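Shown here: final-v2.csv, CSV, C-alpha atoms.
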```
chain,number,residue,atom,x,y,z
G,24,MET,CA,0.0,0.0,0.0
G,25,HIS,CA,1.0,3.7,-0.4
G,26,ASP,CA,0.0,6.3,2.2
G,27,ILE,CA,-0.5,9.8,0.7
G,28,HIS,CA,-1.4,11.6,3.9
G,29,CYS,CA,0.7,11.1,7.1
G,30,HIS,CA,2.3,13.3,9.7
G,31,MET,CA,5.5,11.3,10.5
G,32,LEU,CA,8.3,13.9,10.6
G,33,PRO,CA,9.4,14.6,14.2
G,34,ASP,CA,9.0,17.9,16.0
G,35,LEU,CA,7.3,19.8,13.2
G,36,ASP,CA,3.5,19.9,13.6
G,37,ASP,CA,1.0,18.0,15.7
G,38,GLY,CA,2.6,14.7,14.7
G,39,PRO,CA,5.4,12.9,16.6
G,40,GLN,CA,7.6,15.0,18.8
G,41,THR,CA,10.7,12.9,18.8
G,42,MET,CA,12.7,10.9,16.3
G,43,GLU,CA,12.1,7.8,18.3
G,44,GLU,CA,8.3,8.2,17.9
G,45,SER,CA,8.8,8.8,14.1
G,46,LEU,CA,10.9,5.7,13.7
G,47,GLU,CA,8.3,3.7,15.6
G,48,MET,CA,5.6,5.0,13.3
G,49,ALA,CA,7.7,4.0,10.3
G,50,ARG,CA,8.2,0.5,11.7
G,51,LEU,CA,4.4,0.1,12.3
G,52,ALA,CA,3.7,1.3,8.7
G,53,VAL,CA,6.1,-1.3,7.2
G,54,ALA,CA,4.7,-4.1,9.3
G,55,ASP,CA,1.2,-3.1,8.2
G,56,GLY,CA,2.1,-3.5,4.5
G,57,ILE,CA,2.8,0.2,3.6
G,58,GLN,CA,5.6,0.6,1.1
G,59,THR,CA,5.6,4.4,0.6
G,60,VAL,CA,4.5,7.3,2.8
G,61,ILE,CA,4.2,10.9,1.7
G,62,MET,CA,5.2,13.2,4.5
G,63,THR,CA,2.3,15.8,4.7
G,64,PRO,CA,2.9,18.2,7.6
G,65,HIS,CA,0.5,21.1,8.0
G,66,GLY,CA,1.4,24.0,5.7
G,67,ALA,CA,1.3,26.7,8.4
G,68,GLN,CA,3.8,24.9,10.6
G,69,VAL,CA,6.1,24.2,7.6
G,70,ALA,CA,6.0,27.9,6.7
G,71,ALA,CA,6.8,28.9,10.3
G,72,ARG,CA,9.8,26.4,10.4
G,73,GLY,CA,11.7,27.4,7.3
G,74,GLY,CA,9.4,26.5,4.3
G,75,ARG,CA,10.0,24.2,1.4
G,76,GLU,CA,13.8,23.8,1.7
G,77,ALA,CA,13.8,23.2,5.4
G,78,LEU,CA,11.0,20.6,4.8
G,79,ALA,CA,13.1,18.8,2.2
G,80,GLN,CA,16.0,18.7,4.5
G,81,ARG,CA,13.8,17.2,7.3
G,82,VAL,CA,12.6,14.5,4.9
G,83,ARG,CA,16.2,13.7,3.9
G,84,GLU,CA,17.3,13.5,7.5
G,85,PHE,CA,14.4,11.2,8.4
G,86,GLY,CA,15.2,9.0,5.4
G,87,GLU,CA,18.8,8.7,6.6
G,88,ALA,CA,17.6,7.8,10.1
G,89,LEU,CA,15.4,5.1,8.6
G,90,LYS,CA,18.4,3.6,6.7
G,91,SER,CA,20.5,3.6,9.8
G,92,GLN,CA,17.8,1.6,11.6
G,93,HIS,CA,17.2,-0.7,8.5
G,94,VAL,CA,13.6,0.4,8.2
G,95,GLU,CA,12.7,-0.1,4.5
G,96,LEU,CA,10.1,2.6,4.0
G,97,LYS,CA,10.1,4.9,1.0
G,98,LEU,CA,9.5,8.5,1.7
G,99,ALA,CA,8.1,11.3,-0.5
G,100,MET,CA,7.4,15.0,0.3
G,101,GLY,CA,4.1,16.9,0.4
G,102,MET,CA,2.0,19.1,2.6
G,103,GLU,CA,-1.5,19.4,3.9
G,104,TYR,CA,-2.9,22.8,3.3
G,105,LEU,CA,-6.0,24.5,4.8
G,106,LEU,CA,-8.2,25.8,2.0
G,107,THR,CA,-7.9,29.6,2.1
G,108,ILE,CA,-7.8,32.5,-0.3
G,109,ASP,CA,-4.1,32.8,0.6
G,110,LEU,CA,-3.5,29.2,-0.6
G,111,VAL,CA,-5.0,30.1,-3.9
G,112,ARG,CA,-2.5,33.0,-4.3
G,113,GLU,CA,0.4,30.8,-3.2
G,114,ALA,CA,-0.7,28.2,-5.8
G,115,GLN,CA,-1.0,30.7,-8.5
G,116,GLN,CA,2.6,31.8,-7.8
G,117,GLY,CA,3.7,28.2,-8.0
G,118,SER,CA,5.1,28.0,-4.5
G,119,THR,CA,3.0,25.3,-3.1
G,120,VAL,CA,4.3,21.8,-2.2
G,121,THR,CA,2.3,19.1,-4.0
G,122,LEU,CA,2.3,15.4,-3.3
G,123,ASN,CA,5.7,14.1,-4.5
G,124,GLY,CA,6.0,17.0,-7.0
G,125,SER,CA,2.8,15.9,-8.9
G,126,ARG,CA,-0.2,18.0,-9.9
G,127,TYR,CA,-2.0,16.7,-6.8
G,128,LEU,CA,-2.4,19.1,-3.9
G,129,LEU,CA,-3.7,17.9,-0.5
G,130,VAL,CA,-6.2,20.3,0.9
G,131,GLU,CA,-8.4,20.2,4.0
G,132,ILE,CA,-11.5,22.2,4.6
G,133,ASP,CA,-12.2,23.7,8.1
G,134,PHE,CA,-13.8,20.9,10.2
G,135,VAL,CA,-16.7,23.0,11.4
G,136,GLN,CA,-17.3,25.9,9.0
G,137,TRP,CA,-18.0,25.7,5.3
G,138,PRO,CA,-16.2,28.7,3.8
G,139,PRO,CA,-18.4,30.4,1.2
G,140,TYR,CA,-15.4,30.5,-1.2
G,141,THR,CA,-14.9,26.7,-1.1
G,142,ALA,CA,-16.0,25.8,-4.6
G,143,ASP,CA,-14.4,28.9,-6.2
G,144,ALA,CA,-11.1,28.4,-4.4
G,145,LEU,CA,-10.9,24.8,-5.6
G,146,PHE,CA,-11.8,25.9,-9.1
G,147,GLN,CA,-9.0,28.5,-9.0
G,148,LEU,CA,-6.5,25.8,-7.9
G,149,GLN,CA,-7.6,23.8,-10.9
G,150,LEU,CA,-7.1,26.8,-13.2
G,151,ALA,CA,-3.6,27.1,-11.8
G,152,GLY,CA,-2.8,23.6,-12.9
G,153,TYR,CA,-3.4,21.6,-9.7
G,154,ILE,CA,-5.7,18.7,-8.9
G,155,PRO,CA,-7.2,19.2,-5.4
G,156,VAL,CA,-7.3,16.1,-3.1
G,157,LEU,CA,-9.7,16.8,-0.2
G,158,ALA,CA,-8.4,15.3,3.1
G,159,HIS,CA,-10.8,13.5,5.4
G,160,PRO,CA,-14.2,15.0,4.1
G,161,GLU,CA,-16.0,12.5,6.3
G,162,ARG,CA,-14.9,14.4,9.4
G,163,GLN,CA,-16.2,17.8,8.1
G,164,ALA,CA,-19.4,18.8,9.8
G,165,SER,CA,-21.2,20.3,6.7
G,166,ILE,CA,-20.4,17.2,4.6
G,167,GLN,CA,-21.6,14.9,7.4
G,168,ALA,CA,-24.9,16.7,7.2
G,169,SER,CA,-25.0,17.0,3.4
G,170,PRO,CA,-22.8,14.6,1.4
G,171,GLU,CA,-24.1,16.4,-1.7
G,172,LEU,CA,-21.6,19.2,-0.9
G,173,LEU,CA,-18.7,16.8,-1.7
G,174,GLU,CA,-20.6,15.3,-4.6
G,175,LYS,CA,-20.6,18.7,-6.3
G,176,LEU,CA,-16.9,19.2,-5.7
G,177,VAL,CA,-16.0,15.8,-7.1
G,178,GLU,CA,-18.2,16.4,-10.2
G,179,ARG,CA,-16.1,19.6,-10.8
G,180,GLY,CA,-12.8,17.7,-10.7
G,181,SER,CA,-11.7,17.4,-7.1
G,182,TYR,CA,-10.8,14.1,-5.5
G,183,SER,CA,-11.2,12.9,-1.9
G,184,GLU,CA,-9.4,10.9,0.6
G,185,VAL,CA,-10.9,9.2,3.7
G,186,THR,CA,-9.0,8.5,6.9
G,187,ALA,CA,-8.4,4.8,7.6
G,188,GLY,CA,-9.5,5.2,11.2
G,189,SER,CA,-12.8,6.8,10.2
G,190,LEU,CA,-13.8,3.5,8.5
G,191,LEU,CA,-13.1,1.7,11.8
G,192,GLY,CA,-15.0,4.1,14.1
G,193,ASP,CA,-11.9,5.7,15.6
G,194,PHE,CA,-13.4,9.2,15.1
G,195,GLY,CA,-16.9,8.3,16.2
G,196,ALA,CA,-20.2,7.1,14.6
G,197,ARG,CA,-20.8,10.2,12.5
G,198,ALA,CA,-17.4,10.1,10.8
G,199,GLN,CA,-17.7,6.3,10.2
G,200,GLU,CA,-21.2,6.5,8.8
G,201,CYS,CA,-20.3,9.4,6.6
G,202,ALA,CA,-17.1,7.7,5.3
G,203,GLU,CA,-19.2,4.6,4.4
G,204,GLU,CA,-21.8,6.8,2.7
G,205,LEU,CA,-19.2,8.7,0.7
G,206,VAL,CA,-17.7,5.4,-0.4
G,207,ARG,CA,-21.1,4.0,-1.4
G,208,ARG,CA,-21.7,7.1,-3.5
G,209,GLY,CA,-18.4,6.7,-5.4
G,210,LEU,CA,-17.0,10.0,-4.0
G,211,VAL,CA,-13.9,8.5,-2.4
G,212,HIS,CA,-10.7,8.0,-4.4
G,213,PHE,CA,-8.1,7.4,-1.7
G,214,MET,CA,-7.8,5.9,1.7
G,215,ALA,CA,-4.8,7.1,3.9
G,216,SER,CA,-3.7,6.8,7.5
G,217,ASP,CA,-3.5,10.5,8.4
G,218,GLY,CA,-1.2,9.0,11.1
G,219,HIS,CA,0.1,11.3,13.8
G,220,THR,CA,1.4,9.0,16.6
G,221,PRO,CA,2.7,5.5,17.1
G,222,THR,CA,-0.2,4.8,19.5
G,223,ARG,CA,-3.5,3.3,18.6
G,224,ASN,CA,-5.1,6.8,18.7
G,225,ARG,CA,-3.6,8.0,15.4
G,226,PRO,CA,-1.3,5.3,14.1
G,227,PRO,CA,0.0,5.1,10.5
G,228,LEU,CA,-2.0,1.9,9.7
G,229,MET,CA,-4.2,1.0,6.7
G,230,ALA,CA,-4.6,-2.8,6.4
G,231,GLN,CA,-7.6,-3.2,8.7
G,232,ALA,CA,-9.4,-0.3,7.0
G,233,ARG,CA,-8.6,-1.7,3.6
G,234,ASP,CA,-10.3,-4.9,4.7
G,235,ALA,CA,-13.3,-2.8,5.8
G,236,LEU,CA,-13.4,-1.1,2.4
G,237,ALA,CA,-13.4,-4.5,0.7
G,238,MET,CA,-16.4,-5.6,2.7
G,239,LEU,CA,-18.1,-2.3,1.9
G,240,ALA,CA,-17.3,-1.7,-1.7
G,241,GLY,CA,-15.5,-4.8,-3.0
G,242,GLU,CA,-11.8,-5.8,-3.3
G,243,GLY,CA,-11.3,-3.9,-6.5
G,244,ALA,CA,-12.3,-0.6,-4.9
G,245,ALA,CA,-10.2,-1.3,-1.8
G,246,LEU,CA,-7.1,-1.9,-3.9
G,247,ALA,CA,-7.8,1.2,-6.0
G,248,MET,CA,-8.0,3.4,-2.9
G,249,SER,CA,-5.0,2.0,-1.1
G,250,VAL,CA,-2.7,0.9,-3.9
G,251,GLY,CA,-3.6,2.0,-7.5
G,252,ASN,CA,-4.7,5.6,-7.0
G,253,PRO,CA,-2.0,6.4,-4.4
G,254,LEU,CA,0.5,5.1,-6.9
G,255,ALA,CA,-1.0,7.3,-9.6
G,256,VAL,CA,-0.4,10.3,-7.3
G,257,LEU,CA,3.2,9.2,-6.7
G,258,THR,CA,3.8,9.0,-10.4
G,259,ASN,CA,1.7,12.0,-11.4
G,260,ALA,CA,-0.6,9.7,-13.4
G,261,PRO,CA,-4.4,9.9,-13.9
G,262,VAL,CA,-6.6,8.7,-11.0
G,263,GLU,CA,-9.4,6.3,-11.7
G,264,ALA,CA,-12.8,6.1,-10.1
G,265,PRO,CA,-12.7,3.0,-7.9
G,266,PRO,CA,-14.8,0.1,-9.2
G,267,LEU,CA,-17.7,-0.3,-6.7
G,268,ALA,CA,-18.9,-3.9,-6.3
G,269,ARG,CA,-21.8,-2.9,-4.1
G,270,PRO,CA,-24.9,-1.0,-5.2
G,271,ILE,CA,-24.9,2.7,-4.3
G,272,ARG,CA,-27.5,3.4,-1.6
G,273,ARG,CA,-28.1,6.9,-0.7
G,274,ARG,CA,-29.5,7.6,2.7
G,275,ARG,CA,-30.1,10.5,5.0
G,276,PHE,CA,-28.2,10.5,8.3
G,277,PRO,CA,-30.3,10.8,11.5
G,278,TRP,CA,-28.6,14.1,12.3
G,279,ALA,CA,-28.9,15.7,8.9
G,280,GLY,CA,-30.7,19.0,8.8
G,281,ARG,CA,-30.4,19.6,12.6
G,282,GLY,CA,-29.0,22.8,13.8
```
Turn the structure described in the file into structure tokens.
Amino acid sequence: MHDIHCHMLPDLDDGPQTMEESLEMARLAVADGIQTVIMTPHGAQVAARGGREALAQRVREFGEALKSQHVELKLAMGMEYLLTIDLVREAQQGSTVTLNGSRYLLVEIDFVQWPPYTADALFQLQLAGYIPVLAHPERQASIQASPELLEKLVERGSYSEVTAGSLLGDFGARAQECAEELVRRGLVHFMASDGHTPTRNRPPLMAQARDALAMLAGEGAALAMSVGNPLAVLTNAPVEAPPLARPIRRRRFPWAGRG
């Protein structure tokens, strides 16, 4: 498997604080069957800690630490950006850090608010030559209440990535049910760990969630979301819609429409 969204670099953002924790995360990922991890620290923290060049140096140093410990994990560089108007300007200037130097840009929407500029900002990113990949939409309150919001963005050319832990209930019933519904609707293209720690709270693991995806949508879809499409990002190739082996059933969540 290939993990396109993980916070594994030490002492940078809200991920691991020590090199020992980072190395333990890497060992867990390898044991779980993950071959490649894209380092995706939060953009604001990277900017405050030296920017792109400092990030590249951190990735190189972590790669050297992995070699010294005989941990066979491939690393790539990226960032996770909060969707803002400033991000659009940065992208238009060509100064954003994409996933492994590809056209794919990892973007998260505020967990609680739905910015009125969301659709236009994503469209402007596309006009600038990027392909937005929306991180963990199943944990975004507005999408939980109305999955149609994500459907419209996907129809306009954005992709989405669900967190492995969401499919297992690690972030609560709402996130799990929303993740399953988005998968059923064919709105999910990737599954990633969004790992932050070596503990069971936010580990860099994907295998158990891949099995849950296979039960939900079929083995072909699970492989596409955990292997094929992540590999397409790594090689800057086209992403395919996962082949769903289960019928799409749209349903309304019990909390939808509540204030």
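Checking G:Thr59, G:Ser183, G:Gln231, G:Ser125 one by one against Thr258 (chain G), counting only C-alpha atoms, you find the shortest gap at G:Ser125.
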Coordinates-based distance that separates CA of Ala240 (chain G) from CA of Ser165 (chain G) (Å, one decimal):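 Those two atoms sit 23.9 Å apart.
The space separating CA of Ala268 (chain G) from CA of Leu239 (chain G) comes to 8.4 Å.
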Distance query Val262 (chain G) at most 8 Å, only C-alpha atoms, self and fewer than 6 positions along chain excluded, as a list in words: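 These residues fall inside the cut-off: His212, Asn252, Ala255 and Val256 of chain G.
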Each side padded by 8 Å, which centre and which edge lengths in Å (one decimal) define the axis-aligned box around the listed atoms of region 238-250 of chain G? Give them as AutoDock Vina command-line options.
```
--center_x -10.4 --center_y -1.2 --center_z -1.9 --size_x 31.4 --size_y 25.2 --size_z 25.2
```
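Restricting the calculation to only C-alpha atoms, the smallest distance between Pro226 (chain G) and any of G:Ala187, G:Ala202, G:Ile132, G:Ile166 is found for G:Ala187.
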Ser249 (chain G) surroundings by all atoms listed in the file, 8 Å radius, close-in-sequence under 5 positions cut, as a list in words: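 So the residues in contact are Met24, His25, Asp26, Phe213, Met214, Ala215, Met229 and Arg233 of chain G.
In this structure, CA of Gln115 (chain G) sits 16.8 Å away from CA of Glu103 (chain G).
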Residue neighbourhood Tyr127 (chain G), 8 Å, only C-alpha atoms, exclusion window fewer than 6 positions, as a ChimeraX atom specification: /G:121,153-156,256,259
Non-local contacts of Gln58 (chain G) (9 Å; all atoms listed in the file; under 2 positions in same chain excluded) as a list in words: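 The residues that qualify are Met24, His25, Asp26, Ala52, Val53, Gly56, Val60, Glu95, Leu96, Lys97 and Leu98 of chain G.
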The selected residues should be written to file as a short mmCIF file (atom, residue, chain, number, x, y, z; two decimals), in the coordinates of the input (atoms: C-alpha atoms).
```
data_model
loop_
_atom_site.label_atom_id
_atom_site.label_comp_id
_atom_site.auth_asym_id
_atom_site.auth_seq_id
_atom_site.Cartn_x
_atom_site.Cartn_y
_atom_site.Cartn_z
CA MET G 24 0.00 0.00 0.00
CA HIS G 25 1.00 3.70 -0.40
CA ASP G 26 0.00 6.30 2.20
CA ALA G 52 3.70 1.30 8.70
CA VAL G 53 6.10 -1.30 7.20
CA GLY G 56 2.10 -3.50 4.50
CA VAL G 60 4.50 7.30 2.80
CA GLU G 95 12.70 -0.10 4.50
CA LEU G 96 10.10 2.60 4.00
CA LYS G 97 10.10 4.90 1.00
CA LEU G 98 9.50 8.50 1.70
#
```
Selected residue of minimal separation from Val111 (chain G) among G:Ala67, G:Leu89, G:Ala77, G:Ala151, counting all atoms listed in the file: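 When distances to Val111 (chain G) are compared using all atoms listed in the file, the smallest one comes from G:Ala151.
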Residues near Ser118 (chain G), cut-off 12 Å, all atoms listed in the file, skip fewer than 3 positions along chain, as a list of chain:residue names: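 Residues meeting the cut-off are G:Gly66, G:Ala70, G:Gly74, G:Arg75, G:Glu76, G:Met102, G:Asp109, G:Leu110, G:Val111, G:Arg112, G:Glu113, G:Ala114, G:Gln115, G:Thr121, G:Gly124, G:Leu128, G:Ala151, G:Tyr153.
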Pick from G:Phe146, G:Phe194, G:Tyr140, G:Tyr104, whichever lies nearest to Val120 (chain G) using all atoms listed in the file: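 Looking only at the distances to Val120 (chain G), the closest residue turns out to be G:Tyr104.
Comparing G:Ala237, G:Glu87, G:Thr119, G:Lys175 by their smallest distance to Thr141 (chain G), the closest is G:Lys175 (using only C-alpha atoms).
Using only C-alpha atoms, the shortest contact distance between Arg179 (chain G) and any of G:Gln167, G:Leu148, G:Pro160, G:Thr107 is found at G:Leu148.
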